[in-house]
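Below is one structure; the comments refer to it alone.
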Amino acid sequence: MPGKGSMTRPGREVGGTEEACWLDILGIEPAALASARPVYRALAQAIETAITGGAVRQGTRLPPERLLAELLGLSRTTVVQAYRELERRGLVRGHVGRGTYVSAMPDPESAPFAWRGKVAATALRSHGTSLRDLMGDAAEPHRLSTAVGTPALDVFPVEAVSEALDRAMRRYGAAVWTHGPTQGQDVLRAHLAARYGTAPSQTLVLSGAQQGLDLVARCLVDPGDVVIIDRPGYPGAIHAFREAGARLHGWDVVRGDLDELDDLLLRSRPKLIYTNPTFQNPTGWTMPVRTRRAFLAVASRYRVPVVEDDTYRELYLGAAGPPTLQSMDPHACVIHLNSFGKVLAPGLRLGWLSAAEPIIDHLSALKQRADPQTQNLVQFLVADLLDSGAYDAHLGRLRVEHRRRSQAAAAAIQRAIRPEVLRLTAIPSGGLYFWCRLAADIESRDLLRSALPHGVAFVPGHAFYADPAGAHELRICFATIRPSDAESFGQRLAASLESARGILSVRDTLNADHR
Ligand SMILES: Cc1ncc(COP(=O)(O)O)c(C=O)c1O
């Protein structure tokens with residue numbers, strides 16, 4: 001390896017990306033690197049030296065792994081390992097789809113404090129930032145982002161909520177500001193139990209449905225256990241179960257083949273089945289009543305608990321969905337999970353689950369460790385909205401608005417793009433999403449890269465699979481597209497497709513020239 005002096009070129013700083021200059025800027029001699037062992041650590045060291053010496057500034061995007069591998073005549077895996085090593089040292093941060101950025105400027109006199117190296121092995125499994133990155137993308141004001149699953153927040157009932165807040169503070173007085181029960185406020189649990197046909201003692205209030213998934217995963221899953229999960233399915237569930245150490249097996253929810261499910265249960269003896277059977281995320285699909293019956297029969301034959309994530313139940317666009325799995329289950333093996341995030345607002349962080357009392361007790365004990373109680377004010381607020389009828393009035397208006405948005409967005413997409421290029425797999429009868437299929441020559445990750453400069457965003461299909469699938473699929477949250485923006489969204493998406501195809505054909509030509 002060359003010494004520190006020869007690795008940095010004082011006075012040269014990276015701002016743009018003159019590709020060929022990268023080796024010079026990083027001060028790397030390919031021949032010296034090739035003889036080092038292990039190569040990835042020598043490469044990481046060279047880049048660290050460039051950062052420490054000031055040749056590469058904080059916030060700089062490092063060269064893409066493939067490019068650096070080509071420039072150095074190394075395998076891409078070696079460069080990936082080097083970037084991971086730098087991440088472990090706390091010097092760079094990788095962002096899915098956006099590249100690797102210098103995140104810390106260590107004091108040249110001392111080594112940086114490498115927090116990453118201190119993080120427990122189980123916590124290291126949960127460092128994925130892609131969902132949070134999407135939230136950041138959605139916040140970009142000029143972007144028509146359909147990436148995050150939210151209802152039409154611009155019709156949020158501000159007046160009704162502020163009146164309900166006023167009432168709740170007067171009505172519940174000091175109870176708003178003091179500690180509350182971990183299982184949730186009695187008044188809210190009573191409303192939930194009455195509305196969804198369970199008992200208050202079988203109801204646990206949550207800080208959002210995601211907390212319920214985390215609790216269920218921690219409560220029921222031991223490392224190595226198999227969990228059967230919708231395929232495609234909700235990424236938050238995939239993460240929660242995976243981080244609990246589960247081995248995930250997908251069941252194709254739309255095909256709904258119960259022999260396949262039976263076979264899967266027989267072979268893998270899973271710890272639980274997770275499903276989102278009504279207006280599913282991402283497909284919008286709803287499990288028919290007959291399938292529900294057979295599904296429960298299979299689960300009970302193998303004595304496998306079912307987690308029914310029912311987050312979208314109330315968001316039907318035409319007729320209401322079929323009864324819940326929980327209401328059809330005579331064996332009390334279903335844990336039912338729900339949220340106010342998709343009807344009121346995700347920022348309220350309020351959800352709940354209902355299940356048999358023994359499991360509620362375990363889940364409450366686990367919840368208490370990290371979140372002794374869900375905040376009182378939001379519980380009293382929502383109890384008041386349910387009580388006064390303001391919740392149902394809002395829901396009625398929201399359904400009408402979502403229907404308008406779904407129709408306007410579907411029509412605009414279909415006008416702008418031929419179905420052979422991008423096809424909506426179905427017009428959903430509820431929920432928030434269009435699940436779309438792309439032509440075989442376009443991958444949704446490439447399309448997203450082209451879409452961001454056109455001011456549109458969506459979620460590429462791979463996020464919804466626990467296995468490497470979904471390359472030609474994507475999810476659009478139609479509820480975030482105002483009817484007045486629908487036409488523009490369709491056109492921007494069409495333009496993104498053209499850009500992606502242009503880039504891909506250039507890439508193909510270059511590859512062909514290379515061969
Ligand atoms: C199927 C499903 N379950 C759970 C959640 C999480 O909901 P919450 O915001 O209440 O945590 C989501 C959010 O997108 C979801 O789509």
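Identifiers in the structure tokens: chain A, B, ... in order shown; residue index from 1 per chain; ligand index from 1 in order shown.
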
Residue neighbourhood segment 348-353 of chain A, 8 Å, only C-alpha atoms, exclusion window fewer than 2 positions, as a list in words: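 Selected residues are Thr203, Leu204, Val205, Leu206, Ser207, Gly208, Ala209, Gly212, Ile335, His336, Leu337, Asn338, Ser339, Phe340, Gly341, Leu344, Ala345, Pro346, Ala355, Thr374, Val378 and Gln379 of chain A.
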
Restricted to C-alpha atoms, what would the selected residues look like written as a short mmCIF file (atom, residue, chain, number, x, y, z; two decimals), in the first residue's frame?
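That gives us again_13.cif:
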data_model
loop_
_atom_site.label_atom_id
_atom_site.label_comp_id
_atom_site.auth_asym_id
_atom_site.auth_seq_id
_atom_site.Cartn_x
_atom_site.Cartn_y
_atom_site.Cartn_z
CA THR A 203 -57.80 -5.19 23.44
CA LEU A 204 -54.33 -3.67 23.65
CA VAL A 205 -53.85 -0.06 22.52
CA LEU A 206 -50.65 0.52 20.54
CA SER A 207 -48.50 3.38 19.33
CA GLY A 208 -49.33 2.39 15.75
CA ALA A 209 -49.84 -1.02 14.15
CA GLY A 212 -48.02 -4.49 17.28
CA ILE A 335 -54.37 -11.88 16.61
CA HIS A 336 -56.14 -8.96 14.96
CA LEU A 337 -54.12 -5.81 14.30
CA ASN A 338 -55.40 -2.39 13.26
CA SER A 339 -54.48 1.30 13.13
CA PHE A 340 -55.96 4.79 12.96
CA GLY A 341 -53.02 5.76 10.78
CA LEU A 344 -57.07 9.65 10.44
CA ALA A 345 -53.31 10.25 10.12
CA PRO A 346 -50.15 8.16 10.50
CA ALA A 355 -56.52 -11.35 20.86
CA THR A 374 -49.52 5.03 24.49
CA VAL A 378 -54.38 10.92 21.43
CA GLN A 379 -56.37 8.08 23.02
#

Quick one: everything within 10 Å of segment 485-490 of chain A, counting only C-alpha atoms, minus sequence neighbours fewer than 6 positions away in the same chain. Send it as a list in words.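 Contacts, with the query itself left out: Arg143, Leu144, Ser145, Thr146, Arg405, Ser406, Gln407, Ala408, Ala409, Ala410, Ala411, Ala412, Ile413, Gln414, Arg415, Ala416, Ile417, His454, Gly455, Val456, Ala457, Phe478 and Ser496 of chain A.
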
Could you build a table of the residues in segment 181-265 of chain A lying no more than 12 Å from segment 288-300 of chain A, giving for each the nearest pair of atoms and their separation in Å rounded to one decimal place, using only C-alpha atoms, ordered by chain and ascending residue number, as a Markdown table?
| residue | atom | partner | partner_atom | distance |
| --- | --- | --- | --- | --- |
| A:Ile228 | CA | A:Ala299 | CA | 10.9 |
| A:Trp251 | CA | A:Phe295 | CA | 11.7 |
| A:Val253 | CA | A:Thr291 | CA | 10.4 |
| A:Val254 | CA | A:Pro288 | CA | 10.3 |
| A:Arg255 | CA | A:Thr291 | CA | 10.6 |
| A:Gly256 | CA | A:Thr291 | CA | 7.4 |
| A:Asp257 | CA | A:Thr291 | CA | 8.9 |
| A:Leu258 | CA | A:Phe295 | CA | 6.7 |
| A:Asp259 | CA | A:Val298 | CA | 9.1 |
| A:Glu260 | CA | A:Val298 | CA | 10.6 |
| A:Leu261 | CA | A:Val298 | CA | 7.8 |
| A:Asp262 | CA | A:Val298 | CA | 6.2 |
| A:Asp263 | CA | A:Val298 | CA | 9.9 |
| A:Leu264 | CA | A:Val298 | CA | 10.6 |
| A:Leu265 | CA | A:Ala299 | CA | 8.1 |

Gap from atom CA of Ile229 of chain A to atom CA of Arg449 of chain A - Å, one decimal: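 If I compute the distance from atom CA of Ile229 of chain A to atom CA of Arg449 of chain A, I get 28.6 Å.
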
Best match for closeness to ligand 1 among A:Arg170, A:Arg445, A:Arg76, A:His239, counting only C-alpha atoms and all ligand atoms: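 Smallest distance to ligand 1 is found for A:His239.
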
Produce a table with one row for each residue of segment 368-467 of chain A that has an atom at most 7 Å from any atom of segment 179-195 of chain A, each row naming the nearest atom pair and its distance in Å at one decimal; use only C-alpha atoms; arrange rows by chain and rising residue number; format as CSV.
residue,atom,partner,partner_atom,distance
A:Gln368,CA,A:Thr182,CA,6.3
A:Pro372,CA,A:Thr182,CA,5.5
A:Gln373,CA,A:Thr182,CA,4.4
A:Thr374,CA,A:Gly184,CA,6.8
A:Asn376,CA,A:Gly180,CA,6.8
A:Gln379,CA,A:Leu188,CA,6.3
A:Phe380,CA,A:Leu188,CA,6.9
A:Ala383,CA,A:Leu188,CA,5.0

Given the selection you just returned, output its residues as a file containing C-alpha atoms, formatted as a short mmCIF file (atom, residue, chain, number, x, y, z; two decimals), in the first residue's frame.
data_model
loop_
_atom_site.label_atom_id
_atom_site.label_comp_id
_atom_site.auth_asym_id
_atom_site.auth_seq_id
_atom_site.Cartn_x
_atom_site.Cartn_y
_atom_site.Cartn_z
CA GLN A 368 -44.26 -1.93 28.94
CA PRO A 372 -45.14 2.03 29.23
CA GLN A 373 -48.25 3.53 27.71
CA THR A 374 -49.52 5.03 24.49
CA ASN A 376 -53.20 9.67 26.72
CA GLN A 379 -56.37 8.08 23.02
CA PHE A 380 -58.92 10.47 24.56
CA ALA A 383 -62.37 8.10 21.81
#

Show which residues sit within 8 Å of Ile273 of chain A, as a PyMOL selection string. Count only C-alpha atoms, and ignore same-chain residues fewer than 4 positions away. chain A and resi 227-229+304-307

Determine which residues of segment 365-513 of chain A receive a DSSP assignment of strand (DSSP E), computed from the backbone, and state them as a count of residues only. 18

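Atom CA of Gln58 of chain A sits 25.3 Å away from atom CA of Leu74 of chain A.
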
Selection near segment 222-225 of chain A, 8 Å with only C-alpha atoms, sequence-local residues under 3 positions removed, as a PyMOL selection string: chain A and resi 218+244-247+270-271

With C-alpha atoms retained, write the just-selected residues as a CSV table (one decimal), in the first residue's frame.
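Writing done, so here's out.csv:
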chain,number,residue,atom,x,y,z
A,218,ARG,CA,-40.7,-10.5,19.9
A,244,ALA,CA,-36.7,-11.3,15.3
A,245,GLY,CA,-34.6,-13.9,13.5
A,246,ALA,CA,-37.4,-15.6,11.6
A,247,ARG,CA,-37.0,-17.5,8.4
A,270,PRO,CA,-44.2,-22.4,11.0
A,271,LYS,CA,-44.5,-20.4,14.3

Please determine, counting only C-alpha atoms, which residue among A:Ala356, A:Leu317, A:Ile481, A:Ala55 has the shortest atom-to-atom distance to Arg403 of chain A.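 Smallest separation from Arg403 of chain A among the options: A:Leu317.
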
Rounded to one decimal in Å, what is the spacing between atom CA of Ala320 of chain A and atom 1 (C, counted along the ligand's line) of ligand 1? 17.4 Å

What's the 12 Å shell around Arg397 of chain A, counting only C-alpha atoms, without same-chain residues fewer than 6 positions away, as a count of residues only? 16

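With only C-alpha atoms and all ligand atoms as the atoms that count, the minimum distance from ligand 1 to the choices A:Thr49, A:Thr78, A:Ser201, A:Asn281 is reached by A:Asn281.
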
Residue set, segment 140-180 of chain A restricted to alpha helix (DSSP H), as a VMD selection string: chain A and resid 158 to 172

For His95 of chain A, the nearest of the candidates A:Leu366, A:Leu395, A:Ala34, A:Leu62, counting only C-alpha atoms: A:Leu62

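Each of A:Leu452, A:Ala469, A:Ala479, A:Ala50 was compared to Leu493 of chain A using only C-alpha atoms, and A:Leu452 turns out to be the nearest.
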